[in-house]
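Below: the structure, in structure tokens.
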Amino acid sequence: MPVGTTSRRSPEPSRRRAGARPRRAALPLLAASTLLGVLPLAGTASAGPRPAQWPEGTYGAAAAARQGVAAVRESRYDLGDQAFAPPPELGYEGRAEVAATVYRPADLGRRALPLVVMQHGSWETCADADAAAERERAVRARDRAEAAGDEAEVERQNAVIERAAGKLWAWPCAPGTRPIPSSTGYDYLARALAARGFVVVSVGVNGLNSTEGGQAPTAYRARALLVEHHLKLWQRLAKRGDGPLAHALTDPATGRPDPVDFRGHLDLRHVGLLGHSMGGGGVMQEVSDDNPRALPDGVRIAAAFTLAPTATWDFEAVTGVPFAVMWGTCDAVNTGSYFEHNRATTRFPAFKYTLTGGNHDFYNRQWSPDSGQVASRDDAVPGSAPGTCLSQYEDRDRPQVDQPRMTAAYQRLVTTNRVSAFFQRFLRGRDDLTPYLTGDRPFPGEGRPGQVSVDHVAGTDSGR
């Protein structure tokens with residue numbers, strides 16, 4: 001939850017204020033592309049030199065050619081800011097956009113490619129820089145008033161904070177104020193997957209973010225239903241080439257229609273879901289054993305990966321799909337315990353990745369300070385020594401200690417490696433990647449042994 005907002009804005013626990021200065025870092029690309037992915041694709045560039053790291057911004061045809069993987073195309077669709085309404089019987093009040101950014105191999109080849117749907121978490125919705133500055137000033141003034149015992153001034157500043165938060169969390173945004181594109185914050189990850197033969201759809205959830213405060217548990221069900229809504233649109237587009245998405249995809253650079261034809265190019269029996277924060281809670285709600293899924297014919301969710309998922313639905317059984325949870329020890333928000341609650345009962349492989357010094361916001365580039373985006377921040381609490389952060393364990397009674405900070409670039413490299421290997425394993429049958437997922441083999445180019453630990457169970461099924 002953003003600084004200074006009240007609980008009505010989001011069901012997530014309050015965030016601590018970040019004290020670190022913004023910093024910029026190069027984002028390494030996934031190392032050893034031949035290891036992690038690269039089933040032959042029509043149109044794939046010939047293999048070239050593969051340095052362990054590429055600087056940020058080198059995704060695309062040139063970088064793909066150097067790595068010997070497929071070039072990536074990006075397109076978008078937007079069917080309206082309030083085009084999605086959860087069914088009245090759910091009891092959820094609010095509507096959401098039906099919009100997404102799509103990443104795919106530039107040449108779809110002659111095969112059906114697995115689909116991965118990503119959902120971001122709860123964040124400010126509108127890039128109102130003045131409101132953000134006003135809120136920050138009011139937070140500082142409120143803190144001074146609290147220290148001085150001035151209750152009247154505390155109340156006055158809280159009213160200013162609430163007013164500014166209303167602008168930052170509006171939906172649709174006020175005229176002239178651009179939405180914060182949280183869904184594009186995983187572009188590094190989506191492009192890595194698309195370059196390896198996946199079609200990736202990163203959906204917008206700003207409308208739900210604006211309205212879901214105080215509506216748990218229906219907020220998580222609404223998020224799951226939004227995933228299903230997008231899957232229904234893609235089933236129609238892939239099967240018959242019609243429906244609302246027909247002719248709706250556009251090139252983000254030019255605004256011109258993207259004429260791509262997905263018919264025959266999507267393997268909807270192997271759909272993967274990825275969610276971050278509350279998006280992770282929504283994904284786990286979608287794949288839970290008790291969820292009454294309403295997927296269209298021919299669509300099957302085959303695997304789920306969650307980044308610092310919210311913990312609200314920990315106790316629901318998730319035993320029917322392979323899943324993974326990743327969290328950082330300096331994550332000042334929360335993390336789900338889905339792995340612990342399901343490890344003894346799941347029929348499929350399950351994984352937990354602990355990032356020593358990792359935080360909550362770095363998974364999303366829009367949320368991270370190096371983006372320059374309104375409301376971006378580093379959520380880790382600084383430690384007592386330079387280059388450290390204060391650990392935030394699931395068990396709040398455990399003593400907190402300084403830990404080496406994980407940079408945004410390294411955290412995204414670690415994430416890309418494991419997410420890419422996970423979906424290749426469970427959506428494309430790459431059994432050879434299992435030792436990397438279990439930690440029995442290190443990912444090439446990562447270094448820093450011990451900063452990522454793995455816990456896993458094999459389950460009772462092969463997990464394909």
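Ordering of the structure tokens sets the chain letters (A, B, ...), residue numbers begin anew at 1 in every chain, and ligands are numbered from 1 in the order given.
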(request) Please report, as a ChimeraX atom specification, each residue of region 266-402 of chain A to which DSSP assigns strand (DSSP E or B) when run on this structure's backbone. (result) /A:266-276,301-307,323-328,350-355,382,388-390,402
So which residues touch Val321 (chain A) within 12 Å, counting only C-alpha atoms, skipping near sequence neighbours fewer than 3 positions away, as a short mmCIF file (atom, residue, chain, number, x, y, z; two decimals) with C-alpha atoms, in the first residue's frame?
data_model
loop_
_atom_site.label_atom_id
_atom_site.label_comp_id
_atom_site.auth_asym_id
_atom_site.auth_seq_id
_atom_site.Cartn_x
_atom_site.Cartn_y
_atom_site.Cartn_z
CA HIS A 270 -0.93 -25.08 -21.68
CA VAL A 271 -1.72 -21.69 -20.13
CA GLY A 272 0.52 -20.24 -17.44
CA LEU A 273 -0.44 -17.55 -14.93
CA VAL A 283 -3.67 -16.04 -9.47
CA MET A 284 -3.62 -18.40 -6.50
CA GLU A 286 -7.84 -18.80 -9.68
CA VAL A 287 -5.93 -22.07 -9.36
CA SER A 288 -7.19 -23.03 -5.90
CA ASP A 289 -8.97 -26.34 -5.64
CA ARG A 300 -6.49 -25.31 -19.32
CA ILE A 301 -4.36 -23.57 -16.73
CA ALA A 302 -1.26 -25.73 -16.42
CA ALA A 303 1.06 -23.78 -14.08
CA ALA A 304 1.22 -20.70 -11.85
CA PHE A 305 4.14 -18.56 -10.66
CA ALA A 317 -5.77 -25.84 -1.07
CA VAL A 318 -3.77 -25.52 -4.30
CA ALA A 324 6.02 -21.48 -7.45
CA ASN A 342 0.26 -27.01 0.38
CA THR A 345 -0.87 -32.28 -0.11
CA THR A 346 -0.04 -31.03 -3.60
CA ARG A 347 -0.11 -33.61 -6.37
CA PHE A 348 2.23 -31.52 -8.51
CA PRO A 349 5.69 -30.02 -8.08
CA ALA A 350 5.83 -26.85 -5.98
CA PHE A 351 8.71 -24.45 -5.36
CA PHE A 426 5.58 -27.05 -17.16
CA LEU A 427 4.16 -25.59 -20.37
CA ALA A 458 8.06 -33.22 -6.20
CA GLY A 459 4.38 -33.95 -5.71
CA THR A 460 2.87 -37.19 -6.89
CA ASP A 461 2.47 -36.23 -10.56
CA SER A 462 5.00 -35.43 -13.27
CA GLY A 463 3.54 -31.92 -13.55
CA ARG A 464 3.45 -31.63 -17.34
#
List the spatial neighbours of Pro172 (chain A) as a PDB file with N, CA, C and O atoms, in the first residue's frame - criterion: any atom at most 12 Å away, only C-alpha atoms, same-chain residues fewer than 6 positions off excluded.
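Ended up saving to part-v7.pdb:
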ATOM      1  N   GLY A  80     -11.734  -0.557 -23.094  1.00  0.00           N
ATOM      2  CA  GLY A  80     -12.472   0.389 -22.271  1.00  0.00           C
ATOM      3  C   GLY A  80     -12.066   0.362 -20.816  1.00  0.00           C
ATOM      4  O   GLY A  80     -11.745  -0.695 -20.259  1.00  0.00           O
ATOM      5  N   ASP A  81     -12.079   1.543 -20.179  1.00  0.00           N
ATOM      6  CA  ASP A  81     -11.636   1.678 -18.799  1.00  0.00           C
ATOM      7  C   ASP A  81     -12.506   0.908 -17.813  1.00  0.00           C
ATOM      8  O   ASP A  81     -12.046   0.544 -16.730  1.00  0.00           O
ATOM      9  N   GLN A  82     -13.770   0.696 -18.149  1.00  0.00           N
ATOM     10  CA  GLN A  82     -14.682   0.029 -17.221  1.00  0.00           C
ATOM     11  C   GLN A  82     -15.451  -1.078 -17.939  1.00  0.00           C
ATOM     12  O   GLN A  82     -16.631  -1.311 -17.678  1.00  0.00           O
ATOM     13  N   ALA A  83     -14.758  -1.772 -18.822  1.00  0.00           N
ATOM     14  CA  ALA A  83     -15.414  -2.791 -19.652  1.00  0.00           C
ATOM     15  C   ALA A  83     -15.680  -4.084 -18.898  1.00  0.00           C
ATOM     16  O   ALA A  83     -16.473  -4.916 -19.364  1.00  0.00           O
ATOM     17  N   GLY A  94     -17.474  -2.250  -8.188  1.00  0.00           N
ATOM     18  CA  GLY A  94     -16.421  -1.641  -8.987  1.00  0.00           C
ATOM     19  C   GLY A  94     -16.272  -2.324 -10.330  1.00  0.00           C
ATOM     20  O   GLY A  94     -16.704  -3.467 -10.515  1.00  0.00           O
ATOM     21  N   ARG A  95     -15.661  -1.624 -11.258  1.00  0.00           N
ATOM     22  CA  ARG A  95     -15.420  -2.134 -12.594  1.00  0.00           C
ATOM     23  C   ARG A  95     -13.940  -1.962 -12.918  1.00  0.00           C
ATOM     24  O   ARG A  95     -13.217  -1.242 -12.229  1.00  0.00           O
ATOM     25  N   ALA A  96     -13.507  -2.610 -13.979  1.00  0.00           N
ATOM     26  CA  ALA A  96     -12.099  -2.548 -14.354  1.00  0.00           C
ATOM     27  C   ALA A  96     -11.952  -2.428 -15.860  1.00  0.00           C
ATOM     28  O   ALA A  96     -12.870  -2.738 -16.621  1.00  0.00           O
ATOM     29  N   GLU A  97     -10.764  -1.998 -16.271  1.00  0.00           N
ATOM     30  CA  GLU A  97     -10.431  -1.954 -17.679  1.00  0.00           C
ATOM     31  C   GLU A  97     -10.243  -3.359 -18.228  1.00  0.00           C
ATOM     32  O   GLU A  97      -9.916  -4.294 -17.487  1.00  0.00           O
ATOM     33  N   GLU A 124      -0.809   2.657  -7.030  1.00  0.00           N
ATOM     34  CA  GLU A 124      -1.504   3.853  -7.492  1.00  0.00           C
ATOM     35  C   GLU A 124      -1.874   3.710  -8.960  1.00  0.00           C
ATOM     36  O   GLU A 124      -1.178   3.047  -9.729  1.00  0.00           O
ATOM     37  N   THR A 125      -2.943   4.366  -9.345  1.00  0.00           N
ATOM     38  CA  THR A 125      -3.464   4.194 -10.696  1.00  0.00           C
ATOM     39  C   THR A 125      -3.202   5.371 -11.615  1.00  0.00           C
ATOM     40  O   THR A 125      -3.185   5.197 -12.831  1.00  0.00           O
ATOM     41  N   CYS A 126      -2.996   6.560 -11.046  1.00  0.00           N
ATOM     42  CA  CYS A 126      -2.889   7.773 -11.862  1.00  0.00           C
ATOM     43  C   CYS A 126      -1.593   8.522 -11.564  1.00  0.00           C
ATOM     44  O   CYS A 126      -1.256   8.757 -10.395  1.00  0.00           O
ATOM     45  N   ALA A 127      -0.883   8.903 -12.612  1.00  0.00           N
ATOM     46  CA  ALA A 127       0.428   9.538 -12.487  1.00  0.00           C
ATOM     47  C   ALA A 127       0.274  11.038 -12.244  1.00  0.00           C
ATOM     48  O   ALA A 127       0.688  11.868 -13.048  1.00  0.00           O
ATOM     49  N   GLY A 166      -6.819  10.173  -3.028  1.00  0.00           N
ATOM     50  CA  GLY A 166      -7.988  10.028  -3.886  1.00  0.00           C
ATOM     51  C   GLY A 166      -7.671  10.339  -5.341  1.00  0.00           C
ATOM     52  O   GLY A 166      -8.224   9.704  -6.255  1.00  0.00           O
ATOM     53  N   ARG A 178      -2.216  10.894 -16.875  1.00  0.00           N
ATOM     54  CA  ARG A 178      -2.016   9.594 -17.501  1.00  0.00           C
ATOM     55  C   ARG A 178      -2.124   8.477 -16.480  1.00  0.00           C
ATOM     56  O   ARG A 178      -1.682   8.622 -15.326  1.00  0.00           O
ATOM     57  N   PRO A 179      -2.676   7.335 -16.859  1.00  0.00           N
ATOM     58  CA  PRO A 179      -2.669   6.177 -15.962  1.00  0.00           C
ATOM     59  C   PRO A 179      -1.245   5.682 -15.749  1.00  0.00           C
ATOM     60  O   PRO A 179      -0.375   5.830 -16.613  1.00  0.00           O
ATOM     61  N   ILE A 180      -0.995   5.105 -14.593  1.00  0.00           N
ATOM     62  CA  ILE A 180       0.285   4.440 -14.339  1.00  0.00           C
ATOM     63  C   ILE A 180       0.203   3.046 -14.953  1.00  0.00           C
ATOM     64  O   ILE A 180      -0.639   2.242 -14.558  1.00  0.00           O
ATOM     65  N   VAL A 205      -5.005  -3.841 -14.263  1.00  0.00           N
ATOM     66  CA  VAL A 205      -5.928  -4.071 -13.149  1.00  0.00           C
ATOM     67  C   VAL A 205      -6.159  -2.765 -12.385  1.00  0.00           C
ATOM     68  O   VAL A 205      -6.532  -2.763 -11.214  1.00  0.00           O
ATOM     69  N   ASN A 206      -5.944  -1.627 -13.046  1.00  0.00           N
ATOM     70  CA  ASN A 206      -6.073  -0.354 -12.345  1.00  0.00           C
ATOM     71  C   ASN A 206      -7.480  -0.130 -11.807  1.00  0.00           C
ATOM     72  O   ASN A 206      -7.655   0.419 -10.712  1.00  0.00           O
ATOM     73  N   GLY A 207      -8.498  -0.540 -12.563  1.00  0.00           N
ATOM     74  CA  GLY A 207      -9.864  -0.327 -12.108  1.00  0.00           C
ATOM     75  C   GLY A 207     -10.157  -1.068 -10.814  1.00  0.00           C
ATOM     76  O   GLY A 207     -10.810  -0.521  -9.911  1.00  0.00           O
ATOM     77  N   LEU A 208      -9.676  -2.305 -10.701  1.00  0.00           N
ATOM     78  CA  LEU A 208      -9.873  -3.040  -9.460  1.00  0.00           C
ATOM     79  C   LEU A 208      -9.033  -2.447  -8.338  1.00  0.00           C
ATOM     80  O   LEU A 208      -9.483  -2.368  -7.189  1.00  0.00           O
ATOM     81  N   ASN A 209      -7.806  -2.017  -8.652  1.00  0.00           N
ATOM     82  CA  ASN A 209      -6.985  -1.389  -7.625  1.00  0.00           C
ATOM     83  C   ASN A 209      -7.687  -0.188  -7.005  1.00  0.00           C
ATOM     84  O   ASN A 209      -7.582   0.067  -5.807  1.00  0.00           O
ATOM     85  N   SER A 210      -8.401   0.560  -7.831  1.00  0.00           N
ATOM     86  CA  SER A 210      -9.058   1.776  -7.363  1.00  0.00           C
ATOM     87  C   SER A 210     -10.238   1.487  -6.451  1.00  0.00           C
ATOM     88  O   SER A 210     -10.600   2.328  -5.631  1.00  0.00           O
ATOM     89  N   THR A 211     -10.831   0.310  -6.581  1.00  0.00           N
ATOM     90  CA  THR A 211     -12.080   0.037  -5.871  1.00  0.00           C
ATOM     91  C   THR A 211     -12.015  -1.094  -4.861  1.00  0.00           C
ATOM     92  O   THR A 211     -12.947  -1.270  -4.072  1.00  0.00           O
TER      93      THR A 211
END
(message) Between A:Gly213, A:Asp402, A:Ala195, A:Ser376, which residue has the minimum interatomic distance to Ala129 (chain A), considering only C-alpha atoms?
(response) A:Ser376
Any idea what's packed within 9 Å of region 436-438 of chain A, counting only C-alpha atoms, ignoring anything in its chain fewer than 2 positions away? Could you give it as a PDB file with N, CA, C and O atoms, in the first residue's frame?
ATOM      1  N   PHE A 351       7.405 -25.049  -5.635  1.00  0.00           N
ATOM      2  CA  PHE A 351       8.708 -24.450  -5.364  1.00  0.00           C
ATOM      3  C   PHE A 351       8.532 -23.184  -4.540  1.00  0.00           C
ATOM      4  O   PHE A 351       7.548 -22.461  -4.701  1.00  0.00           O
ATOM      5  N   ARG A 418      14.228 -17.940 -13.299  1.00  0.00           N
ATOM      6  CA  ARG A 418      13.353 -18.966 -12.729  1.00  0.00           C
ATOM      7  C   ARG A 418      11.981 -19.000 -13.380  1.00  0.00           C
ATOM      8  O   ARG A 418      11.420 -20.081 -13.603  1.00  0.00           O
ATOM      9  N   ALA A 421      12.505 -20.685 -16.830  1.00  0.00           N
ATOM     10  CA  ALA A 421      12.712 -22.125 -16.713  1.00  0.00           C
ATOM     11  C   ALA A 421      11.440 -22.829 -16.245  1.00  0.00           C
ATOM     12  O   ALA A 421      11.109 -23.920 -16.723  1.00  0.00           O
ATOM     13  N   PHE A 422      10.703 -22.205 -15.319  1.00  0.00           N
ATOM     14  CA  PHE A 422       9.480 -22.813 -14.780  1.00  0.00           C
ATOM     15  C   PHE A 422       8.444 -23.020 -15.879  1.00  0.00           C
ATOM     16  O   PHE A 422       7.881 -24.115 -16.024  1.00  0.00           O
ATOM     17  N   ARG A 425       9.479 -25.619 -18.352  1.00  0.00           N
ATOM     18  CA  ARG A 425       9.326 -26.963 -17.796  1.00  0.00           C
ATOM     19  C   ARG A 425       7.869 -27.428 -17.828  1.00  0.00           C
ATOM     20  O   ARG A 425       7.567 -28.544 -18.266  1.00  0.00           O
ATOM     21  N   ASP A 432      14.674 -31.209 -18.758  1.00  0.00           N
ATOM     22  CA  ASP A 432      16.087 -30.957 -18.502  1.00  0.00           C
ATOM     23  C   ASP A 432      16.318 -29.723 -17.638  1.00  0.00           C
ATOM     24  O   ASP A 432      17.404 -29.532 -17.102  1.00  0.00           O
ATOM     25  N   LEU A 433      15.291 -28.878 -17.473  1.00  0.00           N
ATOM     26  CA  LEU A 433      15.443 -27.674 -16.666  1.00  0.00           C
ATOM     27  C   LEU A 433      15.120 -27.903 -15.193  1.00  0.00           C
ATOM     28  O   LEU A 433      15.329 -27.018 -14.366  1.00  0.00           O
ATOM     29  N   THR A 434      14.614 -29.073 -14.857  1.00  0.00           N
ATOM     30  CA  THR A 434      14.243 -29.347 -13.471  1.00  0.00           C
ATOM     31  C   THR A 434      15.391 -29.134 -12.488  1.00  0.00           C
ATOM     32  O   THR A 434      15.191 -28.538 -11.419  1.00  0.00           O
ATOM     33  N   ASP A 440      19.563 -27.713  -7.770  1.00  0.00           N
ATOM     34  CA  ASP A 440      20.654 -28.679  -7.866  1.00  0.00           C
ATOM     35  C   ASP A 440      21.739 -28.211  -8.824  1.00  0.00           C
ATOM     36  O   ASP A 440      22.891 -28.657  -8.723  1.00  0.00           O
ATOM     37  N   ARG A 441      21.375 -27.363  -9.762  1.00  0.00           N
ATOM     38  CA  ARG A 441      22.352 -26.740 -10.655  1.00  0.00           C
ATOM     39  C   ARG A 441      22.162 -25.235 -10.613  1.00  0.00           C
ATOM     40  O   ARG A 441      21.027 -24.753 -10.582  1.00  0.00           O
ATOM     41  N   PRO A 442      23.255 -24.462 -10.634  1.00  0.00           N
ATOM     42  CA  PRO A 442      23.121 -23.002 -10.621  1.00  0.00           C
ATOM     43  C   PRO A 442      22.795 -22.471 -12.012  1.00  0.00           C
ATOM     44  O   PRO A 442      23.183 -23.062 -13.023  1.00  0.00           O
ATOM     45  N   PHE A 443      22.082 -21.377 -12.050  1.00  0.00           N
ATOM     46  CA  PHE A 443      21.841 -20.712 -13.327  1.00  0.00           C
ATOM     47  C   PHE A 443      23.123 -20.024 -13.782  1.00  0.00           C
ATOM     48  O   PHE A 443      23.742 -19.284 -13.008  1.00  0.00           O
ATOM     49  N   VAL A 454      16.231 -22.349  -2.228  1.00  0.00           N
ATOM     50  CA  VAL A 454      15.111 -23.063  -2.839  1.00  0.00           C
ATOM     51  C   VAL A 454      14.567 -24.103  -1.875  1.00  0.00           C
ATOM     52  O   VAL A 454      15.337 -24.815  -1.226  1.00  0.00           O
ATOM     53  N   ASP A 455      13.259 -24.171  -1.790  1.00  0.00           N
ATOM     54  CA  ASP A 455      12.595 -25.294  -1.147  1.00  0.00           C
ATOM     55  C   ASP A 455      11.609 -25.837  -2.164  1.00  0.00           C
ATOM     56  O   ASP A 455      10.978 -25.060  -2.899  1.00  0.00           O
ATOM     57  N   HIS A 456      11.462 -27.145  -2.242  1.00  0.00           N
ATOM     58  CA  HIS A 456      10.587 -27.696  -3.270  1.00  0.00           C
ATOM     59  C   HIS A 456      10.090 -29.065  -2.862  1.00  0.00           C
ATOM     60  O   HIS A 456      10.686 -29.750  -2.007  1.00  0.00           O
ATOM     61  N   VAL A 457       8.981 -29.454  -3.460  1.00  0.00           N
ATOM     62  CA  VAL A 457       8.452 -30.816  -3.314  1.00  0.00           C
ATOM     63  C   VAL A 457       8.122 -31.327  -4.697  1.00  0.00           C
ATOM     64  O   VAL A 457       7.753 -30.566  -5.589  1.00  0.00           O
TER      65      VAL A 457
END
Could you build a table of the residues in region 345-368 of chain A lying no more than 10 Å from region 329-337 of chain A, giving for each the nearest pair of atoms and their separation in Å rounded to one decimal place, using only C-alpha atoms, ordered by chain and ascending residue number, as a tab-separated table?
residue	atom	partner	partner_atom	distance
A:Lys352	CA	A:Ser337	CA	9.2
A:Thr354	CA	A:Thr329	CA	7.0
A:Leu355	CA	A:Thr329	CA	6.2
A:Thr356	CA	A:Thr329	CA	5.2
A:Gly357	CA	A:Cys330	CA	5.2
A:Gly358	CA	A:Cys330	CA	5.5
A:Asn359	CA	A:Asp331	CA	4.0
A:His360	CA	A:Asp331	CA	4.7
A:Asp361	CA	A:Asp331	CA	8.1
A:Phe362	CA	A:Asp331	CA	9.8
(request) Just give me the gap between CA of Pro292 (chain A) and CA of Tyr353 (chain A) in Å, one decimal is fine. (result)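 About the pair CA of Pro292 (chain A) and CA of Tyr353 (chain A): they are 28.6 Å apart.
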(message) When DSSP is applied to the backbone of this structure, which of region 171-412 of chain A are assigned helix (DSSP H, G or I)? Write them out as a PyMOL selection string.
(response) chain A and resi 182-194+206-211+218-239+278-287+338-342+361-363+369-371+408-412
(request) Kindly indicate which residue among A:Phe198, A:Phe339, A:Phe323, A:Tyr77 lies nearest to Leu268 (chain A), using only C-alpha atoms for the distances. (result) A:Phe198
(message) I need the residue nearest Ala170 (chain A) from this list: A:Glu316, A:Asp107, A:Asp267, A:Glu212. Use only C-alpha atoms for the distance.
(response)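 So, comparing all the options, the nearest one is A:Glu212.
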(request) Write out as a PyMOL selection string each polymer residue whose atoms come within 12 Å of Asp258 (chain A), counting only C-alpha atoms; drop sequence neighbours fewer than 2 positions from it. (result) chain A and resi 73-77+102+106+245-256+260-262
Selected residues, N, CA and C atoms, written as a PDB file, in the first residue's frame, please.
ATOM      1  N   ARG A  73       7.807  -9.007 -30.782  1.00  0.00           N
ATOM      2  CA  ARG A  73       6.903  -7.933 -31.158  1.00  0.00           C
ATOM      3  C   ARG A  73       5.997  -7.621 -29.988  1.00  0.00           C
ATOM      4  N   GLU A  74       5.605  -6.344 -29.880  1.00  0.00           N
ATOM      5  CA  GLU A  74       4.726  -5.889 -28.811  1.00  0.00           C
ATOM      6  C   GLU A  74       3.492  -5.239 -29.414  1.00  0.00           C
ATOM      7  N   SER A  75       2.335  -5.512 -28.839  1.00  0.00           N
ATOM      8  CA  SER A  75       1.109  -4.835 -29.244  1.00  0.00           C
ATOM      9  C   SER A  75       0.237  -4.652 -28.020  1.00  0.00           C
ATOM     10  N   ARG A  76      -0.821  -3.888 -28.166  1.00  0.00           N
ATOM     11  CA  ARG A  76      -1.704  -3.593 -27.038  1.00  0.00           C
ATOM     12  C   ARG A  76      -3.151  -3.615 -27.482  1.00  0.00           C
ATOM     13  N   TYR A  77      -4.030  -3.828 -26.507  1.00  0.00           N
ATOM     14  CA  TYR A  77      -5.455  -3.647 -26.765  1.00  0.00           C
ATOM     15  C   TYR A  77      -6.088  -2.979 -25.555  1.00  0.00           C
ATOM     16  N   VAL A 102       0.690  -7.115 -25.096  1.00  0.00           N
ATOM     17  CA  VAL A 102       0.921  -8.461 -25.616  1.00  0.00           C
ATOM     18  C   VAL A 102       2.333  -8.540 -26.185  1.00  0.00           C
ATOM     19  N   ALA A 106       8.190 -12.433 -33.073  1.00  0.00           N
ATOM     20  CA  ALA A 106       7.828 -11.704 -34.291  1.00  0.00           C
ATOM     21  C   ALA A 106       7.361 -12.656 -35.383  1.00  0.00           C
ATOM     22  N   LEU A 245     -11.507  -8.958 -29.454  1.00  0.00           N
ATOM     23  CA  LEU A 245     -10.093  -8.694 -29.744  1.00  0.00           C
ATOM     24  C   LEU A 245      -9.787  -8.658 -31.237  1.00  0.00           C
ATOM     25  N   ALA A 246     -10.712  -9.109 -32.059  1.00  0.00           N
ATOM     26  CA  ALA A 246     -10.486  -9.045 -33.505  1.00  0.00           C
ATOM     27  C   ALA A 246     -10.293  -7.588 -33.913  1.00  0.00           C
ATOM     28  N   HIS A 247      -9.170  -7.290 -34.509  1.00  0.00           N
ATOM     29  CA  HIS A 247      -8.831  -5.936 -34.979  1.00  0.00           C
ATOM     30  C   HIS A 247      -8.600  -4.950 -33.828  1.00  0.00           C
ATOM     31  N   ALA A 248      -8.474  -5.432 -32.585  1.00  0.00           N
ATOM     32  CA  ALA A 248      -8.281  -4.522 -31.448  1.00  0.00           C
ATOM     33  C   ALA A 248      -6.820  -4.307 -31.106  1.00  0.00           C
ATOM     34  N   LEU A 249      -5.919  -5.185 -31.583  1.00  0.00           N
ATOM     35  CA  LEU A 249      -4.512  -5.042 -31.245  1.00  0.00           C
ATOM     36  C   LEU A 249      -3.870  -3.940 -32.080  1.00  0.00           C
ATOM     37  N   THR A 250      -3.073  -3.109 -31.415  1.00  0.00           N
ATOM     38  CA  THR A 250      -2.405  -2.006 -32.096  1.00  0.00           C
ATOM     39  C   THR A 250      -0.925  -1.996 -31.744  1.00  0.00           C
ATOM     40  N   ASP A 251      -0.148  -1.381 -32.616  1.00  0.00           N
ATOM     41  CA  ASP A 251       1.269  -1.177 -32.378  1.00  0.00           C
ATOM     42  C   ASP A 251       1.426  -0.006 -31.409  1.00  0.00           C
ATOM     43  N   PRO A 252       2.081  -0.196 -30.247  1.00  0.00           N
ATOM     44  CA  PRO A 252       2.168   0.898 -29.276  1.00  0.00           C
ATOM     45  C   PRO A 252       2.996   2.080 -29.758  1.00  0.00           C
ATOM     46  N   ALA A 253       3.885   1.851 -30.704  1.00  0.00           N
ATOM     47  CA  ALA A 253       4.731   2.945 -31.197  1.00  0.00           C
ATOM     48  C   ALA A 253       3.998   3.824 -32.201  1.00  0.00           C
ATOM     49  N   THR A 254       3.156   3.210 -33.033  1.00  0.00           N
ATOM     50  CA  THR A 254       2.515   3.969 -34.109  1.00  0.00           C
ATOM     51  C   THR A 254       1.017   4.134 -33.917  1.00  0.00           C
ATOM     52  N   GLY A 255       0.420   3.273 -33.093  1.00  0.00           N
ATOM     53  CA  GLY A 255      -1.027   3.295 -32.942  1.00  0.00           C
ATOM     54  C   GLY A 255      -1.771   2.619 -34.075  1.00  0.00           C
ATOM     55  N   ARG A 256      -1.045   2.087 -35.027  1.00  0.00           N
ATOM     56  CA  ARG A 256      -1.688   1.426 -36.158  1.00  0.00           C
ATOM     57  C   ARG A 256      -2.121   0.011 -35.782  1.00  0.00           C
ATOM     58  N   VAL A 260      -1.690  -9.213 -36.886  1.00  0.00           N
ATOM     59  CA  VAL A 260      -1.307 -10.594 -36.561  1.00  0.00           C
ATOM     60  C   VAL A 260      -2.539 -11.487 -36.471  1.00  0.00           C
ATOM     61  N   ASP A 261      -2.403 -12.686 -36.983  1.00  0.00           N
ATOM     62  CA  ASP A 261      -3.476 -13.683 -36.947  1.00  0.00           C
ATOM     63  C   ASP A 261      -3.031 -14.816 -36.017  1.00  0.00           C
ATOM     64  N   PHE A 262      -3.703 -14.949 -34.864  1.00  0.00           N
ATOM     65  CA  PHE A 262      -3.313 -15.954 -33.878  1.00  0.00           C
ATOM     66  C   PHE A 262      -3.979 -17.302 -34.109  1.00  0.00           C
TER      67      PHE A 262
END
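Nearest residue to Glu228 (chain A) among A:Thr416, A:Thr407, A:Gln119, A:Gln366 is A:Gln119, counting only C-alpha atoms.
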(request) Would you please work out which residue, of A:His265, A:Arg191, A:Arg430, A:Arg405, is nearest to Ala71 (chain A) when using only C-alpha atoms? (result) A:Arg191
(request) Kindly give the distance, in Å, that separates CA of Gly383 (chain A) and CA of Gly445 (chain A), rounded to a single decimal. (result)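 Computed distance, CA of Gly383 (chain A) to CA of Gly445 (chain A), equals 27.5 Å.
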(request) Go ahead and compute the interatomic distance for CA of Ala380 (chain A) and CA of Val200 (chain A), in Å to one decimal. (result)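 For CA of Ala380 (chain A) relative to CA of Val200 (chain A), the distance reads 29.1 Å.
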